[in-house]
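Following: one structure in structure tokens, then a few remarks.
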Amino acid sequence: RIMNAAVLDSGICEVDDSFNLRPLLYDVSSVSLKSEKSQTFCSVSLGIEGSANKIGVGIIRCICTRTIISDAIESSEKLVENDENGYSYSYQYEILCNPRKTYITPAGQGFLPRETAWHHQNHVVALIRHALNCSNLERGWKDIDCICFTKGPGLGGPLRSCAIAARMLSLMWKKPLVAVNHCVAHIEMGRVVTHCSNPVVLYVSGGNTQVIAFNDRRYRIFGETIDIAVGNCLDRFA
């Protein structure tokens, strides 16, 4: 599970309409370790985020090491999770590149969906090229394992513009396409930065406030309000 929000809000985990989180890395749960002490898997993801007035293209490398729980070594430098089959998974993430472009309106004016969508359409190709060039991937786009994009929530026009760009890359490069939930992306980025495997989250992005925790393979909302926006309060005092 990776995210792309500052690296994009395109986290790089897959979320379906029921808010069910699926790890993006290859499914290795059925692979037996046999005599090996550990196995390492690697994936590189390109994500496109454009849910508001900023468009970003991020490329992230995730290295997953699977070991038997009894042989696992705790580390504060890695995100570690255990499963019910007796295996421990440690994740290391590297942001290879993350160029962004912000649509800035005149002072006192907000940004409208149509003009913001045009802005994203005008810059997305250049950002993708720049991300591939500065990521120093040995084989360029051929080293990308999947294409990710922000499915929502967000502004409809900008979201559609980025989704179309992501779908075109997926078709041209024959790579899997992964839709990412904007909110889950923010949470997953926090997990990556803090190495926290099972947090209770105060979600303060935008105009809502939520208390969220991960339970039974899903992020579940334990409390929320739309009339006391902690995020907006922090923005005003920042």
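Identifiers in the structure tokens: chain A, B, ... in order shown; residue index from 1 per chain; ligand index from 1 in order shown.
Neighbouring residues of A:Tyr93 at 7 Å or closer, counting only C-alpha atoms and skipping chain neighbours under 3 positions away, are Ile60, Arg61, Cys62 and Ile63 of chain A.
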Okay, now the selection with all heavy atoms, as a PDB file, in the first residue's frame?
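Generated output (part-v3.pdb):
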```
ATOM      1  N   ILE A  60       6.508   6.227  -7.192  1.00  0.00           N
ATOM      2  CA  ILE A  60       6.948   5.683  -5.901  1.00  0.00           C
ATOM      3  C   ILE A  60       7.389   4.233  -6.070  1.00  0.00           C
ATOM      4  O   ILE A  60       6.755   3.454  -6.789  1.00  0.00           O
ATOM      5  CB  ILE A  60       5.820   5.739  -4.866  1.00  0.00           C
ATOM      6  CG1 ILE A  60       5.314   7.160  -4.721  1.00  0.00           C
ATOM      7  CG2 ILE A  60       6.270   5.191  -3.522  1.00  0.00           C
ATOM      8  CD1 ILE A  60       4.196   7.288  -3.732  1.00  0.00           C
ATOM      9  N   ARG A  61       8.460   3.896  -5.398  1.00  0.00           N
ATOM     10  CA  ARG A  61       8.913   2.500  -5.360  1.00  0.00           C
ATOM     11  C   ARG A  61       8.612   1.933  -3.977  1.00  0.00           C
ATOM     12  O   ARG A  61       8.923   2.557  -2.954  1.00  0.00           O
ATOM     13  CB  ARG A  61      10.402   2.404  -5.652  1.00  0.00           C
ATOM     14  CG  ARG A  61      10.932   0.951  -5.573  1.00  0.00           C
ATOM     15  CD  ARG A  61      12.426   0.897  -5.712  1.00  0.00           C
ATOM     16  NE  ARG A  61      12.844   1.182  -7.079  1.00  0.00           N
ATOM     17  CZ  ARG A  61      13.636   2.187  -7.428  1.00  0.00           C
ATOM     18  NH1 ARG A  61      14.080   3.030  -6.495  1.00  0.00           N
ATOM     19  NH2 ARG A  61      13.991   2.375  -8.681  1.00  0.00           N
ATOM     20  N   CYS A  62       8.004   0.766  -3.945  1.00  0.00           N
ATOM     21  CA  CYS A  62       7.737   0.079  -2.682  1.00  0.00           C
ATOM     22  C   CYS A  62       8.456  -1.263  -2.684  1.00  0.00           C
ATOM     23  O   CYS A  62       8.329  -2.041  -3.641  1.00  0.00           O
ATOM     24  CB  CYS A  62       6.234  -0.137  -2.495  1.00  0.00           C
ATOM     25  SG  CYS A  62       5.831  -1.074  -0.997  1.00  0.00           S
ATOM     26  N   ILE A  63       9.210  -1.507  -1.631  1.00  0.00           N
ATOM     27  CA  ILE A  63       9.891  -2.793  -1.464  1.00  0.00           C
ATOM     28  C   ILE A  63       9.264  -3.499  -0.266  1.00  0.00           C
ATOM     29  O   ILE A  63       9.280  -2.982   0.849  1.00  0.00           O
ATOM     30  CB  ILE A  63      11.400  -2.605  -1.250  1.00  0.00           C
ATOM     31  CG1 ILE A  63      12.024  -1.904  -2.470  1.00  0.00           C
ATOM     32  CG2 ILE A  63      12.086  -3.948  -0.989  1.00  0.00           C
ATOM     33  CD1 ILE A  63      13.485  -1.558  -2.302  1.00  0.00           C
TER      34      ILE A  63
END
```
* To do: Could you give me, as a PyMOL selection string, the residues within 9 Å of A:Ile55, counting only C-alpha atoms and dropping anything in the same chain fewer than 2 positions from it?
  => chain A and resi 8+48-53+57+99-103+119-120+123-124+127+158+162
Restricting it to N, CA, C and O atoms, dump the selection as a PDB file, in the first residue's frame.
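Just written: result_4.pdb:
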```
ATOM      1  N   LEU A   8       1.060  12.750  -4.117  1.00  0.00           N
ATOM      2  CA  LEU A   8      -0.136  12.774  -4.938  1.00  0.00           C
ATOM      3  C   LEU A   8      -1.230  12.466  -3.987  1.00  0.00           C
ATOM      4  O   LEU A   8      -1.265  11.837  -3.391  1.00  0.00           O
ATOM      5  N   ILE A  48      -1.495   9.861 -10.600  1.00  0.00           N
ATOM      6  CA  ILE A  48      -1.898  11.193 -11.038  1.00  0.00           C
ATOM      7  C   ILE A  48      -2.984  11.700 -10.100  1.00  0.00           C
ATOM      8  O   ILE A  48      -4.016  11.055  -9.933  1.00  0.00           O
ATOM      9  N   GLU A  49      -2.752  12.840  -9.486  1.00  0.00           N
ATOM     10  CA  GLU A  49      -3.710  13.445  -8.560  1.00  0.00           C
ATOM     11  C   GLU A  49      -4.122  14.819  -9.063  1.00  0.00           C
ATOM     12  O   GLU A  49      -3.274  15.658  -9.378  1.00  0.00           O
ATOM     13  N   GLY A  50      -5.419  15.070  -9.141  1.00  0.00           N
ATOM     14  CA  GLY A  50      -5.897  16.362  -9.596  1.00  0.00           C
ATOM     15  C   GLY A  50      -7.294  16.642  -9.106  1.00  0.00           C
ATOM     16  O   GLY A  50      -8.144  17.091  -9.864  1.00  0.00           O
ATOM     17  N   SER A  51      -7.553  16.406  -7.836  1.00  0.00           N
ATOM     18  CA  SER A  51      -8.902  16.521  -7.298  1.00  0.00           C
ATOM     19  C   SER A  51      -9.325  17.961  -7.035  1.00  0.00           C
ATOM     20  O   SER A  51     -10.506  18.236  -6.844  1.00  0.00           O
ATOM     21  N   ALA A  52      -8.358  18.891  -7.018  1.00  0.00           N
ATOM     22  CA  ALA A  52      -8.689  20.304  -6.776  1.00  0.00           C
ATOM     23  C   ALA A  52      -7.852  21.159  -7.722  1.00  0.00           C
ATOM     24  O   ALA A  52      -7.721  20.829  -8.892  1.00  0.00           O
ATOM     25  N   ASN A  53      -7.254  22.244  -7.224  1.00  0.00           N
ATOM     26  CA  ASN A  53      -6.559  23.163  -8.125  1.00  0.00           C
ATOM     27  C   ASN A  53      -5.091  22.819  -8.336  1.00  0.00           C
ATOM     28  O   ASN A  53      -4.384  23.547  -9.027  1.00  0.00           O
ATOM     29  N   VAL A  57       2.034  14.512 -10.379  1.00  0.00           N
ATOM     30  CA  VAL A  57       2.368  13.180 -10.893  1.00  0.00           C
ATOM     31  C   VAL A  57       3.490  12.634 -10.029  1.00  0.00           C
ATOM     32  O   VAL A  57       4.556  13.261  -9.925  1.00  0.00           O
ATOM     33  N   PRO A  99       6.631  15.930  -9.370  1.00  0.00           N
ATOM     34  CA  PRO A  99       6.383  17.297  -9.862  1.00  0.00           C
ATOM     35  C   PRO A  99       4.917  17.685  -9.737  1.00  0.00           C
ATOM     36  O   PRO A  99       4.024  16.836  -9.858  1.00  0.00           O
ATOM     37  N   ARG A 100       4.642  18.975  -9.500  1.00  0.00           N
ATOM     38  CA  ARG A 100       3.275  19.462  -9.319  1.00  0.00           C
ATOM     39  C   ARG A 100       3.105  20.807 -10.011  1.00  0.00           C
ATOM     40  O   ARG A 100       4.076  21.528 -10.243  1.00  0.00           O
ATOM     41  N   LYS A 101       1.873  21.135 -10.319  1.00  0.00           N
ATOM     42  CA  LYS A 101       1.539  22.428 -10.905  1.00  0.00           C
ATOM     43  C   LYS A 101       0.225  22.902 -10.295  1.00  0.00           C
ATOM     44  O   LYS A 101      -0.756  22.155 -10.270  1.00  0.00           O
ATOM     45  N   THR A 102       0.206  24.138  -9.812  1.00  0.00           N
ATOM     46  CA  THR A 102      -0.973  24.672  -9.135  1.00  0.00           C
ATOM     47  C   THR A 102      -1.652  25.730  -9.997  1.00  0.00           C
ATOM     48  O   THR A 102      -0.984  26.617 -10.554  1.00  0.00           O
ATOM     49  N   TYR A 103      -2.970  25.632 -10.099  1.00  0.00           N
ATOM     50  CA  TYR A 103      -3.770  26.635 -10.792  1.00  0.00           C
ATOM     51  C   TYR A 103      -4.053  27.769  -9.812  1.00  0.00           C
ATOM     52  O   TYR A 103      -4.758  27.599  -8.826  1.00  0.00           O
ATOM     53  N   HIS A 119      -6.694  23.679 -16.915  1.00  0.00           N
ATOM     54  CA  HIS A 119      -5.332  23.803 -16.396  1.00  0.00           C
ATOM     55  C   HIS A 119      -4.676  22.434 -16.292  1.00  0.00           C
ATOM     56  O   HIS A 119      -3.521  22.245 -16.727  1.00  0.00           O
ATOM     57  N   HIS A 120      -5.378  21.469 -15.737  1.00  0.00           N
ATOM     58  CA  HIS A 120      -4.811  20.124 -15.571  1.00  0.00           C
ATOM     59  C   HIS A 120      -4.517  19.486 -16.927  1.00  0.00           C
ATOM     60  O   HIS A 120      -3.478  18.834 -17.115  1.00  0.00           O
ATOM     61  N   HIS A 123      -1.263  20.692 -18.501  1.00  0.00           N
ATOM     62  CA  HIS A 123       0.013  20.425 -17.831  1.00  0.00           C
ATOM     63  C   HIS A 123       0.300  18.942 -17.575  1.00  0.00           C
ATOM     64  O   HIS A 123       1.440  18.592 -17.246  1.00  0.00           O
ATOM     65  N   VAL A 124      -0.689  18.081 -17.702  1.00  0.00           N
ATOM     66  CA  VAL A 124      -0.494  16.696 -17.273  1.00  0.00           C
ATOM     67  C   VAL A 124       0.572  15.968 -18.094  1.00  0.00           C
ATOM     68  O   VAL A 124       1.386  15.211 -17.547  1.00  0.00           O
ATOM     69  N   LEU A 127       4.048  17.059 -17.039  1.00  0.00           N
ATOM     70  CA  LEU A 127       4.379  16.552 -15.707  1.00  0.00           C
ATOM     71  C   LEU A 127       4.745  15.075 -15.749  1.00  0.00           C
ATOM     72  O   LEU A 127       5.659  14.631 -15.043  1.00  0.00           O
ATOM     73  N   PRO A 158     -11.841  18.381 -12.962  1.00  0.00           N
ATOM     74  CA  PRO A 158     -10.428  18.040 -12.777  1.00  0.00           C
ATOM     75  C   PRO A 158     -10.198  16.538 -12.578  1.00  0.00           C
ATOM     76  O   PRO A 158      -9.232  15.978 -13.101  1.00  0.00           O
ATOM     77  N   CYS A 162      -7.825  14.008 -15.133  1.00  0.00           N
ATOM     78  CA  CYS A 162      -6.720  13.153 -14.689  1.00  0.00           C
ATOM     79  C   CYS A 162      -7.027  11.675 -14.907  1.00  0.00           C
ATOM     80  O   CYS A 162      -6.131  10.889 -15.229  1.00  0.00           O
TER      81      CYS A 162
END
```
* Which residue, A:Met189, A:Leu234, A:Val200, A:Ile104, has the smallest gap to A:Phe222 when you use only C-alpha atoms? ->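 Looking only at the distances to A:Phe222, the closest residue turns out to be A:Val200.
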* Asked: If we count only C-alpha atoms, what is near stretch 41-47 of chain A at a cut-off of 7 Å, once residues fewer than 5 positions away on the same chain are taken out, given as a PyMOL selection string?
  -> chain A and resi 4+8+10+25+57-65+143-149
How would the residues just chosen look if you wrote them out with all heavy atoms as a compact mmCIF listing (two decimals), in the first residue's frame?
```txt
# COMPACT_ATOMS: atom_id res chain seq x y z
N ASN A 4 -0.02 8.58 -2.84
CA ASN A 4 0.47 9.60 -3.71
C ASN A 4 -0.33 10.88 -3.49
O ASN A 4 -1.14 11.18 -4.27
CB ASN A 4 0.21 9.10 -5.11
CG ASN A 4 1.31 9.45 -6.01
OD1 ASN A 4 2.34 9.83 -5.55
ND2 ASN A 4 1.11 9.36 -7.26
N LEU A 8 1.06 12.75 -4.12
CA LEU A 8 -0.14 12.77 -4.94
C LEU A 8 -1.23 12.47 -3.99
O LEU A 8 -1.26 11.84 -3.39
CB LEU A 8 -0.16 11.62 -5.88
CG LEU A 8 0.81 11.61 -6.94
CD1 LEU A 8 1.05 10.23 -7.40
CD2 LEU A 8 0.25 12.39 -8.08
N SER A 10 -2.90 10.32 -4.75
CA SER A 10 -3.12 9.09 -5.39
C SER A 10 -2.39 8.05 -4.63
O SER A 10 -1.34 7.68 -5.03
CB SER A 10 -2.52 9.06 -6.75
OG SER A 10 -2.88 10.11 -7.50
N LEU A 25 0.53 -4.27 -3.78
CA LEU A 25 1.63 -5.17 -4.09
C LEU A 25 1.11 -6.53 -4.54
O LEU A 25 -0.02 -6.90 -4.29
CB LEU A 25 2.54 -5.36 -2.87
CG LEU A 25 3.40 -4.16 -2.52
CD1 LEU A 25 4.03 -4.38 -1.16
CD2 LEU A 25 4.46 -3.95 -3.57
N VAL A 57 2.03 14.51 -10.38
CA VAL A 57 2.37 13.18 -10.89
C VAL A 57 3.49 12.63 -10.03
O VAL A 57 4.56 13.26 -9.92
CB VAL A 57 2.80 13.22 -12.37
CG1 VAL A 57 3.22 11.83 -12.84
CG2 VAL A 57 1.67 13.75 -13.24
N GLY A 58 3.25 11.53 -9.38
CA GLY A 58 4.24 10.95 -8.48
C GLY A 58 4.63 9.55 -8.89
O GLY A 58 3.80 8.79 -9.38
N ILE A 59 5.88 9.23 -8.73
CA ILE A 59 6.37 7.86 -8.97
C ILE A 59 6.99 7.37 -7.67
O ILE A 59 7.88 8.01 -7.11
CB ILE A 59 7.39 7.83 -10.11
CG1 ILE A 59 6.74 8.30 -11.42
CG2 ILE A 59 7.95 6.41 -10.27
CD1 ILE A 59 7.68 8.32 -12.61
N ILE A 60 6.51 6.23 -7.19
CA ILE A 60 6.95 5.68 -5.90
C ILE A 60 7.39 4.23 -6.07
O ILE A 60 6.75 3.45 -6.79
CB ILE A 60 5.82 5.74 -4.87
CG1 ILE A 60 5.31 7.16 -4.72
CG2 ILE A 60 6.27 5.19 -3.52
CD1 ILE A 60 4.20 7.29 -3.73
N ARG A 61 8.46 3.90 -5.40
CA ARG A 61 8.91 2.50 -5.36
C ARG A 61 8.61 1.93 -3.98
O ARG A 61 8.92 2.56 -2.95
CB ARG A 61 10.40 2.40 -5.65
CG ARG A 61 10.93 0.95 -5.57
CD ARG A 61 12.43 0.90 -5.71
NE ARG A 61 12.84 1.18 -7.08
CZ ARG A 61 13.64 2.19 -7.43
NH1 ARG A 61 14.08 3.03 -6.49
NH2 ARG A 61 13.99 2.37 -8.68
N CYS A 62 8.00 0.77 -3.95
CA CYS A 62 7.74 0.08 -2.68
C CYS A 62 8.46 -1.26 -2.68
O CYS A 62 8.33 -2.04 -3.64
CB CYS A 62 6.23 -0.14 -2.49
SG CYS A 62 5.83 -1.07 -1.00
N ILE A 63 9.21 -1.51 -1.63
CA ILE A 63 9.89 -2.79 -1.46
C ILE A 63 9.26 -3.50 -0.27
O ILE A 63 9.28 -2.98 0.85
CB ILE A 63 11.40 -2.61 -1.25
CG1 ILE A 63 12.02 -1.90 -2.47
CG2 ILE A 63 12.09 -3.95 -0.99
CD1 ILE A 63 13.48 -1.56 -2.30
N CYS A 64 8.69 -4.66 -0.52
CA CYS A 64 8.03 -5.45 0.52
C CYS A 64 8.86 -6.69 0.81
O CYS A 64 9.22 -7.44 -0.10
CB CYS A 64 6.62 -5.84 0.06
SG CYS A 64 5.81 -7.02 1.16
N THR A 65 9.18 -6.89 2.09
CA THR A 65 9.91 -8.08 2.51
C THR A 65 9.01 -8.92 3.40
O THR A 65 8.48 -8.42 4.40
CB THR A 65 11.19 -7.70 3.28
OG1 THR A 65 12.01 -6.89 2.44
CG2 THR A 65 11.96 -8.95 3.69
N ASP A 143 9.44 0.19 -16.51
CA ASP A 143 9.62 -0.24 -15.12
C ASP A 143 8.41 0.08 -14.25
O ASP A 143 8.37 -0.31 -13.08
CB ASP A 143 10.86 0.43 -14.52
CG ASP A 143 12.15 -0.18 -15.03
OD1 ASP A 143 12.13 -1.35 -15.46
OD2 ASP A 143 13.18 0.52 -15.01
N ILE A 144 7.43 0.79 -14.78
CA ILE A 144 6.21 1.09 -14.04
C ILE A 144 5.34 -0.16 -13.97
O ILE A 144 5.10 -0.82 -14.98
CB ILE A 144 5.42 2.24 -14.71
CG1 ILE A 144 6.28 3.50 -14.80
CG2 ILE A 144 4.12 2.50 -13.97
CD1 ILE A 144 6.59 4.13 -13.47
N ASP A 145 4.86 -0.50 -12.78
CA ASP A 145 4.02 -1.69 -12.61
C ASP A 145 2.54 -1.39 -12.68
O ASP A 145 1.75 -2.26 -13.02
CB ASP A 145 4.34 -2.37 -11.27
CG ASP A 145 5.75 -2.94 -11.23
OD1 ASP A 145 6.05 -3.81 -12.07
OD2 ASP A 145 6.55 -2.50 -10.40
N CYS A 146 2.13 -0.17 -12.33
CA CYS A 146 0.71 0.16 -12.40
C CYS A 146 0.54 1.67 -12.50
O CYS A 146 1.43 2.43 -12.13
CB CYS A 146 -0.06 -0.40 -11.21
SG CYS A 146 0.32 0.44 -9.67
N ILE A 147 -0.63 2.07 -12.98
CA ILE A 147 -0.99 3.48 -13.10
C ILE A 147 -2.12 3.76 -12.11
O ILE A 147 -3.13 3.05 -12.09
CB ILE A 147 -1.46 3.83 -14.53
CG1 ILE A 147 -0.43 3.37 -15.56
CG2 ILE A 147 -1.74 5.32 -14.64
CD1 ILE A 147 0.92 4.03 -15.43
N CYS A 148 -1.97 4.79 -11.30
CA CYS A 148 -2.96 5.13 -10.28
C CYS A 148 -3.53 6.52 -10.53
O CYS A 148 -2.85 7.38 -11.09
CB CYS A 148 -2.35 5.10 -8.88
SG CYS A 148 -1.43 3.60 -8.52
N PHE A 149 -4.77 6.73 -10.14
CA PHE A 149 -5.37 8.05 -10.27
C PHE A 149 -6.38 8.25 -9.15
O PHE A 149 -6.92 7.29 -8.59
CB PHE A 149 -6.06 8.22 -11.63
CG PHE A 149 -7.30 7.39 -11.79
CD1 PHE A 149 -8.56 7.94 -11.60
CD2 PHE A 149 -7.22 6.05 -12.14
CE1 PHE A 149 -9.72 7.18 -11.75
CE2 PHE A 149 -8.37 5.28 -12.30
CZ PHE A 149 -9.62 5.85 -12.10
```
* Using DSSP on the backbone, list every residue of stretch 51-194 of chain A that comes out as strand (DSSP E), and give them as an NGL selection string. => :A and (54-68 or 79-82 or 87-97 or 100-102 or 146-152 or 177-181)
* Which of these, A:Arg236, A:Val184, A:Val178, A:Ala229, has the shortest distance to A:Phe214 once you count only C-alpha atoms? -> A:Val184
* Tell me, which residues of stretch 68-184 of chain A carry DSSP alpha helix (DSSP H), written as JSON, numbers by chain? -> {"A": [113, 114, 115, 116, 117, 118, 119, 120, 121, 122, 123, 124, 125, 126, 127, 128, 129, 130, 131, 132, 133, 134, 135, 156, 157, 158, 159, 160, 161, 162, 163, 164, 165, 166, 167, 168, 169, 170, 171, 172, 173, 182, 183, 184]}
Store the residues picked out above in a file with N, CA and C atoms, as a short mmCIF file (atom, residue, chain, number, x, y, z; two decimals), in the first residue's frame.
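Full text of selection_33.cif as output:
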```cif
data_model
loop_
_atom_site.label_atom_id
_atom_site.label_comp_id
_atom_site.auth_asym_id
_atom_site.auth_seq_id
_atom_site.Cartn_x
_atom_site.Cartn_y
_atom_site.Cartn_z
N PRO A 113 -14.48 24.61 -11.51
CA PRO A 113 -14.15 23.29 -12.04
C PRO A 113 -13.72 23.30 -13.51
N ARG A 114 -14.40 24.05 -14.36
CA ARG A 114 -14.08 23.99 -15.79
C ARG A 114 -12.69 24.55 -16.07
N GLU A 115 -12.38 25.74 -15.54
CA GLU A 115 -11.06 26.34 -15.75
C GLU A 115 -9.95 25.50 -15.11
N THR A 116 -10.27 24.91 -13.97
CA THR A 116 -9.28 24.05 -13.31
C THR A 116 -9.00 22.80 -14.13
N ALA A 117 -10.04 22.24 -14.74
CA ALA A 117 -9.88 21.07 -15.61
C ALA A 117 -8.99 21.41 -16.80
N TRP A 118 -9.21 22.60 -17.40
CA TRP A 118 -8.36 23.01 -18.53
C TRP A 118 -6.91 23.13 -18.09
N HIS A 119 -6.69 23.68 -16.92
CA HIS A 119 -5.33 23.80 -16.40
C HIS A 119 -4.68 22.43 -16.29
N HIS A 120 -5.38 21.47 -15.74
CA HIS A 120 -4.81 20.12 -15.57
C HIS A 120 -4.52 19.49 -16.93
N GLN A 121 -5.43 19.64 -17.88
CA GLN A 121 -5.23 19.07 -19.21
C GLN A 121 -4.00 19.66 -19.90
N ASN A 122 -3.76 20.95 -19.67
CA ASN A 122 -2.63 21.62 -20.32
C ASN A 122 -1.28 21.22 -19.73
N HIS A 123 -1.26 20.69 -18.50
CA HIS A 123 0.01 20.42 -17.83
C HIS A 123 0.30 18.94 -17.57
N VAL A 124 -0.69 18.08 -17.70
CA VAL A 124 -0.49 16.70 -17.27
C VAL A 124 0.57 15.97 -18.09
N VAL A 125 0.63 16.18 -19.41
CA VAL A 125 1.60 15.47 -20.23
C VAL A 125 3.02 15.88 -19.86
N ALA A 126 3.23 17.18 -19.71
CA ALA A 126 4.58 17.65 -19.34
C ALA A 126 4.99 17.13 -17.97
N LEU A 127 4.05 17.06 -17.04
CA LEU A 127 4.38 16.55 -15.71
C LEU A 127 4.74 15.08 -15.75
N ILE A 128 4.03 14.30 -16.57
CA ILE A 128 4.34 12.87 -16.69
C ILE A 128 5.74 12.68 -17.26
N ARG A 129 6.06 13.45 -18.32
CA ARG A 129 7.40 13.36 -18.92
C ARG A 129 8.47 13.73 -17.90
N HIS A 130 8.23 14.80 -17.15
CA HIS A 130 9.22 15.24 -16.16
C HIS A 130 9.39 14.19 -15.07
N ALA A 131 8.29 13.60 -14.61
CA ALA A 131 8.37 12.57 -13.57
C ALA A 131 9.19 11.37 -14.04
N LEU A 132 8.97 10.94 -15.28
CA LEU A 132 9.72 9.80 -15.81
C LEU A 132 11.20 10.14 -15.95
N ASN A 133 11.50 11.36 -16.38
CA ASN A 133 12.90 11.75 -16.58
C ASN A 133 13.66 11.85 -15.27
N CYS A 134 13.03 12.43 -14.24
CA CYS A 134 13.75 12.66 -12.99
C CYS A 134 13.72 11.46 -12.05
N SER A 135 12.90 10.44 -12.36
CA SER A 135 12.83 9.26 -11.49
C SER A 135 14.00 8.30 -11.71
N GLY A 156 -15.42 17.40 -10.06
CA GLY A 156 -15.69 16.47 -11.15
C GLY A 156 -14.83 16.68 -12.38
N GLY A 157 -14.75 17.93 -12.88
CA GLY A 157 -13.99 18.20 -14.09
C GLY A 157 -12.52 17.87 -13.97
N PRO A 158 -11.84 18.38 -12.96
CA PRO A 158 -10.43 18.04 -12.78
C PRO A 158 -10.20 16.54 -12.58
N LEU A 159 -11.09 15.88 -11.83
CA LEU A 159 -10.94 14.44 -11.63
C LEU A 159 -11.04 13.69 -12.95
N ARG A 160 -12.00 14.05 -13.79
CA ARG A 160 -12.17 13.38 -15.08
C ARG A 160 -10.95 13.59 -15.97
N SER A 161 -10.41 14.80 -15.96
CA SER A 161 -9.24 15.08 -16.79
C SER A 161 -8.07 14.17 -16.42
N CYS A 162 -7.83 14.01 -15.13
CA CYS A 162 -6.72 13.15 -14.69
C CYS A 162 -7.03 11.67 -14.91
N ALA A 163 -8.29 11.29 -14.75
CA ALA A 163 -8.67 9.89 -14.97
C ALA A 163 -8.46 9.50 -16.42
N ILE A 164 -8.81 10.39 -17.34
CA ILE A 164 -8.61 10.10 -18.77
C ILE A 164 -7.13 9.95 -19.08
N ALA A 165 -6.30 10.82 -18.52
CA ALA A 165 -4.86 10.72 -18.74
C ALA A 165 -4.32 9.39 -18.21
N ALA A 166 -4.79 9.00 -17.03
CA ALA A 166 -4.33 7.74 -16.44
C ALA A 166 -4.78 6.54 -17.28
N ARG A 167 -6.01 6.58 -17.77
CA ARG A 167 -6.51 5.48 -18.59
C ARG A 167 -5.73 5.37 -19.90
N MET A 168 -5.39 6.50 -20.49
CA MET A 168 -4.60 6.47 -21.72
C MET A 168 -3.24 5.84 -21.48
N LEU A 169 -2.58 6.20 -20.38
CA LEU A 169 -1.29 5.58 -20.06
C LEU A 169 -1.45 4.08 -19.85
N SER A 170 -2.51 3.69 -19.15
CA SER A 170 -2.77 2.28 -18.89
C SER A 170 -2.94 1.50 -20.18
N LEU A 171 -3.66 2.08 -21.13
CA LEU A 171 -3.88 1.41 -22.42
C LEU A 171 -2.61 1.38 -23.27
N MET A 172 -1.90 2.49 -23.31
CA MET A 172 -0.69 2.56 -24.15
C MET A 172 0.40 1.65 -23.62
N TRP A 173 0.58 1.65 -22.31
CA TRP A 173 1.67 0.89 -21.71
C TRP A 173 1.24 -0.49 -21.26
N HIS A 182 -9.38 9.42 -2.40
CA HIS A 182 -8.63 10.60 -1.97
C HIS A 182 -8.38 10.60 -0.46
N CYS A 183 -9.40 10.28 0.31
CA CYS A 183 -9.28 10.32 1.77
C CYS A 183 -8.34 9.24 2.29
N VAL A 184 -8.46 8.04 1.75
CA VAL A 184 -7.59 6.94 2.18
C VAL A 184 -6.14 7.26 1.82
#
```
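With only C-alpha atoms as the atoms that count, the residue of A:Gln92, A:Asn181, A:Asn198, A:Pro106 with the shortest distance to A:Arg217 is A:Asn198.
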* Asked: What is the atom CA of A:Ile68 to atom CA of A:Gly86 distance in Å?
  ->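 About the pair atom CA of A:Ile68 and atom CA of A:Gly86: they are 6.0 Å apart.
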* Point-to-point distance in Å for atom CA of A:Tyr219 and atom CA of A:Leu202 ->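 Taking atom CA of A:Leu202 and atom CA of A:Tyr219, their separation equals 12.5 Å.
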* Could you check which of A:Lys175, A:Gly56, A:Gly110, A:Asn232 is closest to A:Ser205, using only C-alpha atoms? =>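 Using only C-alpha atoms, A:Ser205 sits closest to A:Asn232.
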* **Atom-to-atom span, atom CA of A:His195 and atom CA of A:Lys54, Å** => 26.7 Å
